[in-house]
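Below is one structure, written out as structure tokens; the observations come after it.
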Amino acid sequence: MPVVALLVLSAVLATRARPEWAGLVLAIASSMKLTALPAAAVVAVTIWVTKGGKPLGRFVGSFLVGIAVFTGLSAR
């Protein structure tokens with residue numbers, strides 16, 4: 001249930017003016033459970049279609065940094 005809640009929160013943040021926060025929340029959800037990883041593609045397409053390329057770059061950057069940090073922390 002917490003992973004689903006984080007996926008919904010990420011989708012809501014993606015449709016608002018917060019693509020960076022959507023990337024971080026989705027990185028947390030993906031670090032918790034790898035089955036949440038395909039949602040990154042759905043959220044990325046949503047941001048690209050509704051907002052354009054610049055917010056998409058901010059989303060992808062924050063998502064990749066978040067994955068690296070959160071997965072690195074859980075691997076220790």
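Each chain of the structure tokens is named A, B, ... in the order shown, its residues numbered from 1; ligands are numbered from 1 in display order.
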Find the residues around region 35-46 of chain A up to 8 Å (only C-alpha atoms counted), leave out those fewer than 4 positions away in its own chain, and share them as a list in words.
Val3, Leu7, Ser10, Ala11, Ala14, Thr15, Leu26, Ala29, Ser30, Thr50, Leu56, Phe59 and Val60 of chain A
From a DSSP calculation on the backbone, collect every residue of chain A in alpha helix (DSSP H) and output the set as a PyMOL selection string.
chain A and resi 2-15+19-32+38-50+53-75
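Look at Leu64 (chain A): the protein and nucleic acid residues within 12 Å of it, using only C-alpha atoms and passing over chain neighbours fewer than 5 places away, are Glu20, Ala22, Gly23, Leu24, Val25, Leu26, Ala27, Ile28, Ser30, Ser31, Leu37, Ala40, Gly57, Arg58, Phe59, Val69, Phe70, Thr71 and Gly72 of chain A.
As for CA of Arg16 (chain A) and CA of Gly53 (chain A), they are spaced 15.2 Å apart.
Taking only C-alpha atoms into account, Val4 (chain A) lies nearest to A:Met32 out of the set A:Met32, A:Lys54, A:Trp48, A:Ala68.
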What's the separation between CA of Pro2 (chain A) and CA of Val49 (chain A), in Å to one decimal place?
27.4 Å
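The smallest atom-to-atom distance between Trp21 (chain A) and any of A:Leu73, A:Leu34, A:Met1, A:Leu6, using only C-alpha atoms, is found for A:Leu6.
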